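Note: the block below is final_8.pdb and it holds PDB, C-alpha atoms and all ligand atoms.
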```pdb
MODEL        1
ATOM      1  CA  MET A   1    -132.531-124.081 -21.700  1.00  0.00           C
ATOM      2  CA  LYS A   2    -131.292-122.341 -18.555  1.00  0.00           C
ATOM      3  CA  ASP A   3    -133.403-122.293 -15.458  1.00  0.00           C
ATOM      4  CA  THR A   4    -135.633-119.281 -15.242  1.00  0.00           C
ATOM      5  CA  LYS A   5    -134.658-116.979 -12.404  1.00  0.00           C
ATOM      6  CA  GLU A   6    -137.878-114.989 -12.094  1.00  0.00           C
ATOM      7  CA  THR A   7    -140.933-116.165 -10.215  1.00  0.00           C
ATOM      8  CA  LEU A   8    -143.247-118.063 -12.508  1.00  0.00           C
ATOM      9  CA  ILE A   9    -147.018-117.747 -12.517  1.00  0.00           C
ATOM     10  CA  CYS A  10    -148.837-121.059 -12.385  1.00  0.00           C
ATOM     11  CA  PRO A  11    -150.453-121.755 -15.766  1.00  0.00           C
ATOM     12  CA  ALA A  12    -153.269-123.712 -14.112  1.00  0.00           C
ATOM     13  CA  CYS A  13    -154.391-121.406 -11.295  1.00  0.00           C
ATOM     14  CA  GLY A  14    -152.545-118.102 -11.597  1.00  0.00           C
ATOM     15  CA  GLU A  15    -150.730-118.250  -8.225  1.00  0.00           C
ATOM     16  CA  LYS A  16    -147.047-117.447  -7.886  1.00  0.00           C
ATOM     17  CA  MET A  17    -144.956-120.595  -8.007  1.00  0.00           C
ATOM     18  CA  GLU A  18    -142.198-121.406  -5.553  1.00  0.00           C
ATOM     19  CA  LYS A  19    -138.691-122.401  -6.666  1.00  0.00           C
ATOM     20  CA  ILE A  20    -137.594-125.628  -4.988  1.00  0.00           C
ATOM     21  CA  LYS A  21    -133.956-126.563  -5.400  1.00  0.00           C
ATOM     22  CA  ALA A  22    -133.157-130.147  -6.356  1.00  0.00           C
ATOM     23  CA  PRO A  23    -130.560-131.556  -3.955  1.00  0.00           C
ATOM     24  CA  LYS A  24    -127.008-132.044  -5.243  1.00  0.00           C
ATOM     25  CA  SER A  25    -127.748-130.051  -8.350  1.00  0.00           C
ATOM     26  CA  ASP A  26    -128.069-126.491  -9.499  1.00  0.00           C
ATOM     27  CA  PHE A  27    -131.566-126.535 -10.854  1.00  0.00           C
ATOM     28  CA  TYR A  28    -134.947-125.617  -9.482  1.00  0.00           C
ATOM     29  CA  ILE A  29    -138.403-126.985 -10.001  1.00  0.00           C
ATOM     30  CA  ASP A  30    -141.204-124.446  -9.939  1.00  0.00           C
ATOM     31  CA  ILE A  31    -143.997-125.722  -7.742  1.00  0.00           C
ATOM     32  CA  CYS A  32    -147.404-124.160  -7.146  1.00  0.00           C
ATOM     33  CA  THR A  33    -147.231-124.614  -3.365  1.00  0.00           C
ATOM     34  CA  LYS A  34    -149.775-121.873  -2.619  1.00  0.00           C
ATOM     35  CA  GLY A  35    -152.272-122.769  -5.293  1.00  0.00           C
ATOM     36  CA  CYS A  36    -153.046-125.980  -7.105  1.00  0.00           C
ATOM     37  CA  GLY A  37    -149.960-128.100  -6.362  1.00  0.00           C
ATOM     38  CA  GLY A  38    -148.969-128.246 -10.018  1.00  0.00           C
ATOM     39  CA  MET A  39    -145.332-128.172 -11.051  1.00  0.00           C
ATOM     40  CA  TYR A  40    -143.319-126.851 -13.943  1.00  0.00           C
ATOM     41  CA  PHE A  41    -140.182-128.481 -15.323  1.00  0.00           C
ATOM     42  CA  ASP A  42    -137.794-126.724 -17.660  1.00  0.00           C
ATOM     43  CA  ASN A  43    -136.657-128.459 -20.807  1.00  0.00           C
ATOM     44  CA  ARG A  44    -135.354-131.983 -20.107  1.00  0.00           C
ATOM     45  CA  GLU A  45    -135.678-131.628 -16.327  1.00  0.00           C
ATOM     46  CA  LEU A  46    -138.673-133.932 -16.098  1.00  0.00           C
ATOM     47  CA  GLU A  47    -136.739-136.926 -17.382  1.00  0.00           C
ATOM     48  CA  LYS A  48    -134.510-136.682 -14.329  1.00  0.00           C
ATOM     49  CA  PHE A  49    -137.476-137.394 -12.085  1.00  0.00           C
ATOM     50  CA  ASP A  50    -139.896-139.654 -13.933  1.00  0.00           C
ATOM     51  CA  GLU A  51    -138.402-142.999 -12.885  1.00  0.00           C
ATOM     52  CA  LYS A  52    -139.152-144.672  -9.593  1.00  0.00           C
ATOM     53  CA  SER A  53    -135.445-144.936  -8.837  1.00  0.00           C
ATOM     54  CA  GLU A  54    -134.932-141.196  -9.115  1.00  0.00           C
ATOM     55  CA  ASN A  55    -135.256-139.221  -5.942  1.00  0.00           C
ATOM     56  CA  VAL A  56    -138.099-136.714  -5.811  1.00  0.00           C
ATOM     57  CA  ASP A  57    -138.442-136.459  -2.035  1.00  0.00           C
ATOM     58  CA  PHE A  58    -137.697-132.757  -2.245  1.00  0.00           C
ATOM     59  CA  ILE A  59    -140.742-132.269  -4.458  1.00  0.00           C
ATOM     60  CA  PHE A  60    -143.100-134.316  -2.294  1.00  0.00           C
ATOM     61  CA  GLU A  61    -141.625-132.589   0.775  1.00  0.00           C
ATOM     62  CA  ALA A  62    -142.638-129.222  -0.671  1.00  0.00           C
ATOM     63  CA  LEU A  63    -146.190-130.501  -1.237  1.00  0.00           C
ATOM     64  CA  LYS A  64    -146.576-132.444   2.000  1.00  0.00           C
ATOM     65  CA  GLY A  65    -149.364-131.556   4.418  1.00  0.00           C
ATOM     66  CA  LYS A  66    -150.857-128.918   2.150  1.00  0.00           C
ATOM     67  CA  THR A  67    -154.267-128.848   0.621  1.00  0.00           C
ATOM     68  CA  PHE A  68    -154.536-127.541  -2.890  1.00  0.00           C
ATOM     69  CA  LYS A  69    -157.297-125.853  -4.725  1.00  0.00           C
ATOM     70  CA  PRO A  70    -158.303-127.608  -7.922  1.00  0.00           C
ATOM     71  CA  ALA A  71    -156.663-126.333 -11.088  1.00  0.00           C
ATOM     72  CA  THR A  72    -159.110-123.969 -12.687  1.00  0.00           C
ATOM     73  CA  ASN A  73    -157.756-123.560 -16.169  1.00  0.00           C
ATOM     74  CA  ASN A  74    -158.306-126.769 -18.066  1.00  0.00           C
ATOM     75  CA  ASP A  75    -158.267-125.180 -21.504  1.00  0.00           C
ATOM     76  CA  VAL A  76    -155.103-124.136 -23.298  1.00  0.00           C
ATOM     77  CA  ARG A  77    -152.487-123.238 -20.743  1.00  0.00           C
ATOM     78  CA  ILE A  78    -149.820-120.630 -21.287  1.00  0.00           C
ATOM     79  CA  CYS A  79    -146.201-121.607 -20.703  1.00  0.00           C
ATOM     80  CA  PRO A  80    -145.064-119.684 -17.611  1.00  0.00           C
ATOM     81  CA  ALA A  81    -141.482-119.497 -18.884  1.00  0.00           C
ATOM     82  CA  CYS A  82    -141.944-118.248 -22.442  1.00  0.00           C
ATOM     83  CA  GLY A  83    -145.610-117.345 -22.909  1.00  0.00           C
ATOM     84  CA  SER A  84    -146.382-119.814 -25.701  1.00  0.00           C
ATOM     85  CA  ASN A  85    -149.540-121.908 -25.779  1.00  0.00           C
ATOM     86  CA  MET A  86    -148.960-125.294 -24.219  1.00  0.00           C
ATOM     87  CA  VAL A  87    -150.209-128.476 -25.870  1.00  0.00           C
ATOM     88  CA  LYS A  88    -151.729-131.441 -24.051  1.00  0.00           C
ATOM     89  CA  ASN A  89    -149.758-134.555 -24.742  1.00  0.00           C
ATOM     90  CA  PHE A  90    -149.571-138.077 -23.407  1.00  0.00           C
ATOM     91  CA  ALA A  91    -146.577-138.392 -21.118  1.00  0.00           C
ATOM     92  CA  SER A  92    -145.725-141.872 -22.396  1.00  0.00           C
ATOM     93  CA  THR A  93    -146.777-144.490 -24.909  1.00  0.00           C
ATOM     94  CA  LYS A  94    -149.155-145.928 -22.305  1.00  0.00           C
ATOM     95  CA  ARG A  95    -151.421-142.982 -23.165  1.00  0.00           C
ATOM     96  CA  GLU A  96    -152.726-142.666 -19.620  1.00  0.00           C
ATOM     97  CA  ILE A  97    -151.464-139.343 -18.369  1.00  0.00           C
ATOM     98  CA  GLU A  98    -151.807-136.104 -20.275  1.00  0.00           C
ATOM     99  CA  ILE A  99    -149.434-133.297 -19.411  1.00  0.00           C
ATOM    100  CA  ASP A 100    -149.027-129.773 -20.760  1.00  0.00           C
ATOM    101  CA  CYS A 101    -146.010-129.375 -23.024  1.00  0.00           C
ATOM    102  CA  CYS A 102    -144.447-126.242 -24.458  1.00  0.00           C
ATOM    103  CA  TYR A 103    -142.989-126.860 -27.900  1.00  0.00           C
ATOM    104  CA  THR A 104    -141.222-123.504 -27.896  1.00  0.00           C
ATOM    105  CA  CYS A 105    -139.013-123.860 -24.816  1.00  0.00           C
ATOM    106  CA  GLY A 106    -139.537-127.539 -23.962  1.00  0.00           C
ATOM    107  CA  GLY A 107    -141.139-126.846 -20.585  1.00  0.00           C
ATOM    108  CA  LYS A 108    -143.660-129.263 -19.095  1.00  0.00           C
ATOM    109  CA  PHE A 109    -146.411-128.660 -16.569  1.00  0.00           C
ATOM    110  CA  LEU A 110    -147.835-131.447 -14.421  1.00  0.00           C
ATOM    111  CA  ASP A 111    -150.988-131.185 -12.367  1.00  0.00           C
ATOM    112  CA  TYR A 112    -150.936-132.223  -8.733  1.00  0.00           C
ATOM    113  CA  GLY A 113    -150.580-136.017  -8.460  1.00  0.00           C
ATOM    114  CA  GLU A 114    -149.437-136.562 -12.041  1.00  0.00           C
ATOM    115  CA  LEU A 115    -145.755-136.934 -11.191  1.00  0.00           C
ATOM    116  CA  GLU A 116    -146.558-139.817  -8.863  1.00  0.00           C
ATOM    117  CA  LYS A 117    -148.673-141.534 -11.509  1.00  0.00           C
ATOM    118  CA  LEU A 118    -145.971-140.991 -14.102  1.00  0.00           C
ATOM    119  CA  ARG A 119    -143.302-142.489 -11.892  1.00  0.00           C
ATOM    120  CA  ASN A 120    -145.411-145.571 -11.254  1.00  0.00           C
ATOM    121  CA  GLN A 121    -145.797-146.355 -14.945  1.00  0.00           C
ATOM    122  CA  TYR A 122    -142.350-147.846 -15.426  1.00  0.00           C
ATOM    123  CA  GLU A 123    -139.723-149.364 -13.176  1.00  0.00           C
ATOM    124  CA  THR A 124    -136.784-148.230 -15.259  1.00  0.00           C
ATOM    125  CA  GLU A 125    -135.847-146.094 -18.246  1.00  0.00           C
ATOM    126  CA  ALA A 126    -135.227-149.350 -20.166  1.00  0.00           C
ATOM    127  CA  ASP A 127    -138.847-150.431 -19.603  1.00  0.00           C
ATOM    128  CA  ARG A 128    -139.971-147.063 -20.858  1.00  0.00           C
ATOM    129  CA  SER A 129    -137.931-147.295 -24.065  1.00  0.00           C
ATOM    130  CA  ASP A 130    -138.990-150.939 -24.610  1.00  0.00           C
ATOM    131  CA  ASP A 131    -142.572-149.800 -24.464  1.00  0.00           C
ATOM    132  CA  PHE A 132    -141.765-146.976 -26.848  1.00  0.00           C
ATOM    133  CA  MET A 133    -140.119-149.359 -29.347  1.00  0.00           C
ATOM    134  CA  GLU A 134    -143.048-151.753 -29.176  1.00  0.00           C
ATOM    135  CA  ASP A 135    -145.414-148.907 -29.878  1.00  0.00           C
ATOM    136  CA  PHE A 136    -143.193-147.613 -32.666  1.00  0.00           C
ATOM    137  CA  MET A 137    -143.091-151.039 -34.331  1.00  0.00           C
ATOM    138  CA  LYS A 138    -146.875-151.321 -34.096  1.00  0.00           C
ATOM    139  CA  ILE A 139    -147.165-148.112 -36.070  1.00  0.00           C
ATOM    140  CA  HIS A 140    -144.165-148.378 -38.414  1.00  0.00           C
ATOM    141  CA  GLY A 141    -143.349-152.087 -38.381  1.00  0.00           C
ATOM    142  CA  ALA A 142    -145.091-152.881 -41.673  1.00  0.00           C
ATOM    143  CA  GLU A 143    -143.271-150.061 -43.460  1.00  0.00           C
ATOM    144  CA  LEU A 144    -139.923-151.159 -42.068  1.00  0.00           C
ATOM    145  CA  LYS A 145    -140.581-154.748 -43.100  1.00  0.00           C
ATOM    146  CA  LYS A 146    -141.399-153.602 -46.622  1.00  0.00           C
ATOM    147  CA  THR A 147    -138.233-151.516 -46.817  1.00  0.00           C
ATOM    148  CA  GLU A 148    -136.211-154.474 -45.596  1.00  0.00           C
ATOM    149  CA  MET A 149    -137.770-156.752 -48.230  1.00  0.00           C
ATOM    150  CA  GLU A 150    -137.049-154.220 -50.950  1.00  0.00           C
ATOM    151  CA  ALA A 151    -133.467-153.917 -49.788  1.00  0.00           C
ATOM    152  CA  ASN A 152    -133.077-157.708 -49.858  1.00  0.00           C
ATOM    153  CA  LYS A 153    -134.598-157.876 -53.309  1.00  0.00           C
ATOM    154  CA  LEU A 154    -132.230-155.199 -54.540  1.00  0.00           C
ATOM    155  CA  ALA A 155    -129.271-157.012 -53.041  1.00  0.00           C
ATOM    156  CA  SER A 156    -130.234-160.329 -54.670  1.00  0.00           C
ATOM    157  CA  GLU A 157    -130.785-158.607 -58.024  1.00  0.00           C
ATOM    158  CA  ARG A 158    -127.413-156.994 -57.748  1.00  0.00           C
ATOM    159  CA  SER A 159    -125.694-160.296 -57.069  1.00  0.00           C
ATOM    160  CA  PHE A 160    -127.626-161.853 -59.971  1.00  0.00           C
ATOM    161  CA  PHE A 161    -126.378-159.202 -62.395  1.00  0.00           C
ATOM    162  CA  ARG A 162    -122.911-159.473 -60.988  1.00  0.00           C
ATOM    163  CA  LYS A 163    -122.904-163.232 -61.573  1.00  0.00           C
ATOM    164  CA  MET A 164    -124.234-162.730 -65.074  1.00  0.00           C
ATOM    165  CA  PHE A 165    -121.591-160.142 -65.827  1.00  0.00           C
ATOM    166  CA  LEU A 166    -118.869-162.431 -64.536  1.00  0.00           C
ATOM    167  CA  SER A 167    -120.129-165.383 -66.572  1.00  0.00           C
ATOM    168  CA  VAL A 168    -120.144-163.261 -69.737  1.00  0.00           C
ATOM    169  CA  TYR A 169    -116.716-161.890 -68.921  1.00  0.00           C
ATOM    170  CA  GLU A 170    -115.292-165.356 -68.388  1.00  0.00           C
ATOM    171  CA  LYS A 171    -116.206-166.319 -71.925  1.00  0.00           C
ATOM    172  CA  PHE A 172    -113.656-163.920 -73.340  1.00  0.00           C
TER     173      PHE A 172
HETATM  174 ZN    ZN B   1    -151.353-123.574  -9.551  1.00  0.00          ZN
HETATM  175 ZN    ZN B   2    -142.339-122.337 -23.018  1.00  0.00          ZN
ENDMDL
END
```

Could you rewrite the structure in this file as structure tokens?
Amino acid sequence: MKDTKETLICPACGEKMEKIKAPKSDFYIDICTKGCGGMYFDNRELEKFDEKSENVDFIFEALKGKTFKPATNNDVRICPACGSNMVKNFASTKREIEIDCCYTCGGKFLDYGELEKLRNQYETEADRSDDFMEDFMKIHGAELKKTEMEANKLASERSFFRKMFLSVYEKF
């Protein structure tokens, strides 16, 4: 999804958001600098900034030295880019931080302070995907194991029939 050009309205407090350009790139993060300090990321933008090693100084710079009013709207928030209802979702398999996600355009809204928390969860993207795999196996591991056993059983049956066929064939 392309960056939105128009000024976005903060889904948490209703203030106009400010577009802050990411250095050495052509995209902008919408930050609620005059209101609650929340920030909106277009589809797939957040993953560029959620690791400790990724530079987000420009975001913290925009927030530095300001005091923010608390976010008022804690119910369903409306996506500032496309107008759909946003859904609260855990930002990672650690299930610690809930962020607002838009399933229509892929946008994500983080309250003030959440980006920092998110970045401190994992050292690297590899750690994040390891954690995801571990979680995935906890949920689906038994099923996968069963499928694997069935596949093995099928393979051994097949080789059994093949051997039988060959032994019959050899008799002629
Ligand atoms: Zn706001
Ligand atoms: Zn949206």

Item to check | Distance filter 9 Å around ligand ZN 1 (chain B), atoms: all atoms listed in the file, out as a count of residues only | outcome: 25

Item to check | Picked residues, the PyMOL selection byres (((chain A and resi 53-58) around 8) and not hetatm), as a PyMOL selection string | outcome: chain A and resi 20-23+48-52+59-62+123-124

Next on the checklist: Quick check on the file I pasted: which residues fall under the PyMOL selection byres (((not hetatm)) within 10 of (chain B and resi 2))? Write them as number ranges by chain.
Outcome noted: A: 42-43, 78-86, 101-109

Next on the checklist: I'd like the interatomic distance between atom CA of Lys138 of chain A and atom CA of Ser92 of chain A, to a tenth of an Å.
Outcome noted: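 Atom-to-atom, atom CA of Lys138 of chain A and atom CA of Ser92 of chain A are spaced 15.1 Å apart.
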
Item to check | Å distance separating atom CA of Lys5 of chain A from atom CA of Glu18 of chain A, one decimal place | outcome: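 Distance between the two atoms: 11.1 Å.
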
Checklist entry - Just how far from atom CA of Phe41 of chain A is atom CA of Glu114 of chain A, in Å to one decimal? => result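 The value is 12.7 Å.
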
Taking all atoms listed in the file into account, produce a table as a tab-separated table in which each residue of segment 66-101 of chain A with an atom at most 12 Å from an atom of segment 115-121 of chain A appears once, together with its shortest atom pair and the distance in Å to one decimal, ordered by chain and rising number.
```
residue	atom	partner	partner_atom	distance
A:Phe90	CA	A:Leu118	CA	10.4
A:Ala91	CA	A:Leu118	CA	7.5
A:Ser92	CA	A:Leu118	CA	8.3
A:Thr93	CA	A:Gln121	CA	10.2
A:Lys94	CA	A:Gln121	CA	8.1
A:Arg95	CA	A:Gln121	CA	10.5
A:Glu96	CA	A:Leu118	CA	8.9
A:Ile97	CA	A:Leu118	CA	7.1
A:Glu98	CA	A:Leu118	CA	9.8
A:Ile99	CA	A:Leu115	CA	9.7
```

Next on the checklist: Restricting the calculation to only C-alpha atoms: of A:Asp30, A:Ser25, A:Glu47, A:Leu8, which residue gets closest to Arg128 of chain A?
Outcome noted: A:Glu47

Next on the checklist: Just checking: using all atoms listed in the file, which residue out of A:Val87, A:Asp127, A:Tyr40, A:Ser159 ends up closest to Leu110 of chain A?
Outcome noted: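 Using all atoms listed in the file, the shortest distance to Leu110 of chain A belongs to A:Tyr40.
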